[in-house]
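Participant: One structure coming up, written as structure tokens, with questions to follow.
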Amino acid sequence: MKLLEGKTVLVTGASTGIGRAAAVGAAKAGADVVINYHSRDADAAACVAEIEAAGQRGLAVKGDVAAPETATEFVRKAVEAFGKVDVMVSNAGICPFHSFLDMPVETVQRTMQVNLLGGYFMCQAAANQMVQQGHGGALIAVSSISALVGGEYQTHYTPTKAGLHSLMQSTAIALGRHNIRCNSVLPGTILTEINKDDLADQEKRKYMEGRIPLGRLGEAEDLAGPIVFLASDMAAYVTGAALLVDGGAFVNLQ
Ligand SMILES: NC(=O)C1=CN([C@@H]2O[C@H](COP(=O)(O)OP(=O)(O)OC[C@H]3O[C@@H](n4cnc5c(N)ncnc54)[C@H](O)[C@@H]3O)[C@@H](O)[C@H]2O)C=CC1
Ligand SMILES: C[C@H](O)[C@@H]1OC(=O)[C@H](O)[C@@H]1O
């Protein structure tokens, strides 16, 4: 039996990067997968095609996670299509690098709305559905190593990642009685579109690589296994936990 057989997994921001790798990884582990995506129709369709190629049912639902109604609509459409929601992977996020002293108000507000409030409403909508179903479930937030450390050009971003980490700790308490497990993954530096421009600076890229004991930057697929594990019954007694997936970067201070 596959790890996620019989489960319906929802993933936000899944047309690219970590979300897409998580969606395809869940399908390969036997789940039907519903993805949320913001705007790139062709990429979302390609993700659904990969889910189907893994032998599972897939569905893409367009929506901006910053709007609370996107979450209820996403869950409603998932239930309409596949009958239930077992796992919510709240992954959608943005990181427009910018210096602190002249940070535009709109950049702060948008980053908070997408990353933190978007995650909050997605998890809340999924949890309400899971409580109604009555057989538990799993919430997984894609937080970051940035929940634990700062970033000079990420003063608007790192608090959202610390917030998601904290949200999983609090919801683990609020939802434990419903057997809904709440955990976060904390990726280190993973090569995706979100940091393509930042890591185009070869000097910075080399420096980042040099800080990682495993000797390389991460790939989106490096997150698929940890997310599938936390979604699965193998993690039945894991809740309120945060799993660093960073090649050892965090512990490499000296
Ligand atoms: N790449 C990295 O080094 C790290 C990434 N993360 C987090 O991983 C998550 C995924 O990012 P990546 O895969 O790296 O980059 P990415 O840019 O490929 O993925 C972000 C996804 O979120 C979607 N998205 C953005 N705003 C949205 C909105 N308003 N509504 C719906 N979807 C929206 C984008 O369309 C995209 O598909 C983000 O939350 C990011 O903060 C965390 C730690 C490290
Ligand atoms: C986008 C950044 O490269 C990435 O985002 C995070 O959350 C990591 O800490 C990196 O800074």
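By order in the structure tokens, chains are A, B, ...; within a chain, residues start at 1; ligands start at 1, following the order shown.
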Can you check which residues of segment 8-90 of chain A DSSP gives as strand (DSSP E) on the backbone and send them as a list in words?
Facilitator: Thr8, Val9, Leu10, Val11, Asp32, Val33, Val34, Ile35, Asn36, Tyr37, Gly58, Leu59, Ala60, Val61, Lys62, Val87, Met88, Val89 and Ser90 of chain A
Participant: Would you mind exporting the chosen residues as a tab-separated table (two decimals), in the first residue's frame, restricted to all heavy atoms?
Facilitator:
chain	number	residue	atom	x	y	z
A	8	THR	N	-7.04	12.56	0.01
A	8	THR	CA	-7.12	13.72	-0.87
A	8	THR	C	-6.24	14.82	-0.28
A	8	THR	O	-6.44	15.23	0.87
A	8	THR	CB	-8.57	14.25	-0.99
A	8	THR	OG1	-9.41	13.19	-1.47
A	8	THR	CG2	-8.66	15.42	-1.94
A	9	VAL	N	-5.28	15.25	-1.08
A	9	VAL	CA	-4.30	16.24	-0.62
A	9	VAL	C	-4.50	17.55	-1.38
A	9	VAL	O	-4.62	17.53	-2.61
A	9	VAL	CB	-2.86	15.71	-0.85
A	9	VAL	CG1	-1.82	16.77	-0.54
A	9	VAL	CG2	-2.62	14.46	0.00
A	10	LEU	N	-4.55	18.65	-0.66
A	10	LEU	CA	-4.66	19.97	-1.28
A	10	LEU	C	-3.33	20.70	-1.11
A	10	LEU	O	-2.73	20.66	-0.02
A	10	LEU	CB	-5.77	20.79	-0.61
A	10	LEU	CG	-7.22	20.55	-1.10
A	10	LEU	CD1	-7.62	19.10	-0.91
A	10	LEU	CD2	-8.19	21.47	-0.37
A	11	VAL	N	-2.90	21.38	-2.16
A	11	VAL	CA	-1.62	22.11	-2.09
A	11	VAL	C	-1.84	23.50	-2.69
A	11	VAL	O	-2.35	23.63	-3.81
A	11	VAL	CB	-0.50	21.40	-2.89
A	11	VAL	CG1	0.84	22.09	-2.66
A	11	VAL	CG2	-0.41	19.92	-2.54
A	32	ASP	N	-5.04	11.54	-4.39
A	32	ASP	CA	-5.65	12.46	-5.36
A	32	ASP	C	-5.28	13.86	-4.89
A	32	ASP	O	-5.26	14.12	-3.68
A	32	ASP	CB	-7.16	12.28	-5.39
A	32	ASP	CG	-7.56	10.92	-5.97
A	32	ASP	OD1	-6.85	10.44	-6.88
A	32	ASP	OD2	-8.55	10.34	-5.49
A	33	VAL	N	-5.02	14.75	-5.85
A	33	VAL	CA	-4.44	16.04	-5.47
A	33	VAL	C	-5.18	17.20	-6.12
A	33	VAL	O	-5.40	17.21	-7.33
A	33	VAL	CB	-2.94	16.11	-5.87
A	33	VAL	CG1	-2.32	17.42	-5.39
A	33	VAL	CG2	-2.16	14.93	-5.26
A	34	VAL	N	-5.54	18.17	-5.29
A	34	VAL	CA	-6.16	19.41	-5.80
A	34	VAL	C	-5.17	20.54	-5.56
A	34	VAL	O	-4.69	20.71	-4.44
A	34	VAL	CB	-7.49	19.71	-5.07
A	34	VAL	CG1	-8.21	20.88	-5.74
A	34	VAL	CG2	-8.39	18.48	-5.06
A	35	ILE	N	-4.86	21.26	-6.61
A	35	ILE	CA	-3.90	22.36	-6.45
A	35	ILE	C	-4.59	23.71	-6.60
A	35	ILE	O	-5.51	23.88	-7.41
A	35	ILE	CB	-2.72	22.25	-7.45
A	35	ILE	CG1	-3.17	22.42	-8.90
A	35	ILE	CG2	-1.95	20.96	-7.26
A	35	ILE	CD1	-2.03	22.72	-9.87
A	36	ASN	N	-4.13	24.63	-5.80
A	36	ASN	CA	-4.46	26.04	-5.97
A	36	ASN	C	-3.30	26.68	-6.76
A	36	ASN	O	-2.14	26.29	-6.58
A	36	ASN	CB	-4.60	26.74	-4.61
A	36	ASN	CG	-4.24	28.22	-4.66
A	36	ASN	OD1	-3.07	28.59	-4.49
A	36	ASN	ND2	-5.20	29.06	-4.90
A	37	TYR	N	-3.63	27.62	-7.63
A	37	TYR	CA	-2.58	28.37	-8.32
A	37	TYR	C	-3.07	29.79	-8.54
A	37	TYR	O	-4.28	30.05	-8.56
A	37	TYR	CB	-2.16	27.70	-9.63
A	37	TYR	CG	-3.19	27.80	-10.73
A	37	TYR	CD1	-3.03	28.71	-11.78
A	37	TYR	CD2	-4.34	27.02	-10.71
A	37	TYR	CE1	-3.97	28.82	-12.78
A	37	TYR	CE2	-5.30	27.13	-11.71
A	37	TYR	CZ	-5.10	28.03	-12.75
A	37	TYR	OH	-6.06	28.14	-13.73
A	58	GLY	N	-6.40	14.59	-10.50
A	58	GLY	CA	-5.88	15.92	-10.19
A	58	GLY	C	-6.87	16.99	-10.63
A	58	GLY	O	-7.65	16.79	-11.57
A	59	LEU	N	-6.83	18.11	-9.93
A	59	LEU	CA	-7.70	19.23	-10.29
A	59	LEU	C	-6.98	20.53	-9.93
A	59	LEU	O	-6.35	20.61	-8.87
A	59	LEU	CB	-9.00	19.15	-9.48
A	59	LEU	CG	-9.98	20.32	-9.61
A	59	LEU	CD1	-10.65	20.32	-11.00
A	59	LEU	CD2	-11.05	20.26	-8.52
A	60	ALA	N	-7.07	21.52	-10.81
A	60	ALA	CA	-6.45	22.83	-10.52
A	60	ALA	C	-7.56	23.86	-10.31
A	60	ALA	O	-8.52	23.93	-11.09
A	60	ALA	CB	-5.56	23.25	-11.69
A	61	VAL	N	-7.43	24.64	-9.25
A	61	VAL	CA	-8.40	25.69	-8.94
A	61	VAL	C	-7.63	27.01	-8.82
A	61	VAL	O	-6.72	27.14	-8.01
A	61	VAL	CB	-9.13	25.40	-7.60
A	61	VAL	CG1	-10.15	26.48	-7.31
A	61	VAL	CG2	-9.78	24.02	-7.62
A	62	LYS	N	-8.04	27.97	-9.66
A	62	LYS	CA	-7.34	29.26	-9.67
A	62	LYS	C	-7.79	30.14	-8.51
A	62	LYS	O	-8.98	30.14	-8.18
A	62	LYS	CB	-7.67	29.95	-11.00
A	62	LYS	CG	-6.77	31.07	-11.39
A	62	LYS	CD	-7.10	31.49	-12.82
A	62	LYS	CE	-6.10	32.47	-13.38
A	62	LYS	NZ	-6.23	32.58	-14.84
A	87	VAL	N	-5.62	16.35	3.70
A	87	VAL	CA	-4.36	17.05	3.96
A	87	VAL	C	-4.40	18.41	3.27
A	87	VAL	O	-4.83	18.52	2.12
A	87	VAL	CB	-3.16	16.25	3.38
A	87	VAL	CG1	-1.84	17.01	3.62
A	87	VAL	CG2	-3.08	14.85	3.97
A	88	MET	N	-3.97	19.44	4.00
A	88	MET	CA	-3.76	20.76	3.38
A	88	MET	C	-2.28	21.11	3.49
A	88	MET	O	-1.73	21.16	4.60
A	88	MET	CB	-4.59	21.82	4.11
A	88	MET	CG	-4.22	23.26	3.77
A	88	MET	SD	-4.47	23.74	2.04
A	88	MET	CE	-6.25	24.01	2.03
A	89	VAL	N	-1.65	21.33	2.34
A	89	VAL	CA	-0.27	21.83	2.33
A	89	VAL	C	-0.35	23.31	1.95
A	89	VAL	O	-0.63	23.67	0.81
A	89	VAL	CB	0.61	21.06	1.31
A	89	VAL	CG1	2.04	21.59	1.36
A	89	VAL	CG2	0.57	19.56	1.57
A	90	SER	N	-0.13	24.17	2.94
A	90	SER	CA	-0.18	25.61	2.70
A	90	SER	C	1.21	26.08	2.29
A	90	SER	O	2.10	26.22	3.14
A	90	SER	CB	-0.65	26.33	3.96
A	90	SER	OG	-0.59	27.72	3.72
Participant: Dump the neighbourhood of ligand 1 as a PyMOL selection string: all residues within 8 Å, distances computed on only C-alpha atoms and all ligand atoms.
Facilitator: chain A and resi 12-20+36-40+62-66+90-95+114-115+118+142-146+157+161+186-195+218+220
Participant: Just how far from atom CA of Asp201 of chain A is atom 7 (O, counted along the ligand's line) of ligand 2, in Å to one decimal?
Facilitator: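 For atom 7 (O, counted along the ligand's line) of ligand 2 relative to atom CA of Asp201 of chain A, the distance reads 17.3 Å.
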Participant: For Val85 of chain A, list every protein, DNA or RNA residue within 8 Å, evaluated using only C-alpha atoms, and leave out those in the same chain fewer than 4 positions away; present the list as an NGL selection string.
Facilitator: :A and (7-10 or 75 or 78-79 or 126 or 129-130 or 137)
Participant: Could you give me the residues within segment 26-246 of chain A that DSSP places in helix (DSSP H, G or I), as a PyMOL selection string?
Facilitator: chain A and resi 26-28+41-53+68-82+105-133+145-147+158-178+193-195+198-200+202-210+220-231+233-235
Participant: Which one is closest to ligand 2: A:Leu164, A:Ala21, A:Ile180, A:Ala235? Count only C-alpha atoms and all ligand atoms.
Facilitator: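 Comparing A:Leu164, A:Ala21, A:Ile180, A:Ala235 against ligand 2, the winner is A:Leu164.
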Participant: Which polymer residues have any atom within 12 Å of an atom of Glu52 of chain A, counting only C-alpha atoms, with same-chain residues fewer than 4 positions away left out, as a PDB file with C-alpha atoms, in the first residue's frame?
Facilitator:
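around-v1.pdb was written with the following content:
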ATOM      1  CA  ALA A  23       1.668  17.846  -5.342  1.00  0.00           C
ATOM      2  CA  VAL A  24       3.426  15.397  -7.671  1.00  0.00           C
ATOM      3  CA  GLY A  25       5.111  13.673  -4.708  1.00  0.00           C
ATOM      4  CA  ALA A  26       1.715  13.193  -3.044  1.00  0.00           C
ATOM      5  CA  ALA A  27       0.281  11.744  -6.263  1.00  0.00           C
ATOM      6  CA  LYS A  28       3.209   9.340  -6.563  1.00  0.00           C
ATOM      7  CA  GLY A  30      -1.115   7.445  -4.015  1.00  0.00           C
ATOM      8  CA  ALA A  31      -3.149  10.598  -3.229  1.00  0.00           C
ATOM      9  CA  ASP A  32      -5.645  12.456  -5.356  1.00  0.00           C
ATOM     10  CA  VAL A  33      -4.437  16.039  -5.466  1.00  0.00           C
ATOM     11  CA  VAL A  34      -6.162  19.405  -5.796  1.00  0.00           C
ATOM     12  CA  ALA A  45      -2.355  22.245 -16.244  1.00  0.00           C
ATOM     13  CA  ALA A  46       1.128  20.713 -16.536  1.00  0.00           C
ATOM     14  CA  CYS A  47       1.098  19.943 -12.804  1.00  0.00           C
ATOM     15  CA  VAL A  48      -2.302  18.245 -13.118  1.00  0.00           C
ATOM     16  CA  GLN A  56      -4.141   9.730  -9.608  1.00  0.00           C
ATOM     17  CA  ARG A  57      -6.934  12.267 -10.030  1.00  0.00           C
ATOM     18  CA  GLY A  58      -5.881  15.921 -10.190  1.00  0.00           C
ATOM     19  CA  LEU A  59      -7.701  19.234 -10.285  1.00  0.00           C
ATOM     20  CA  ALA A  60      -6.454  22.827 -10.524  1.00  0.00           C
TER      21      ALA A  60
END
Participant: Considering only C-alpha atoms and all ligand atoms, state which residue in the set A:Ser99, A:Gln154, A:Thr70, A:Gln132 is at the smallest distance from ligand 2.
Facilitator: A:Gln154
Participant: So, counting only C-alpha atoms and all ligand atoms, which residue among A:Pro96, A:Gly215, A:Gly240, A:Gly225 is closest to ligand 2?
Facilitator: A:Pro96
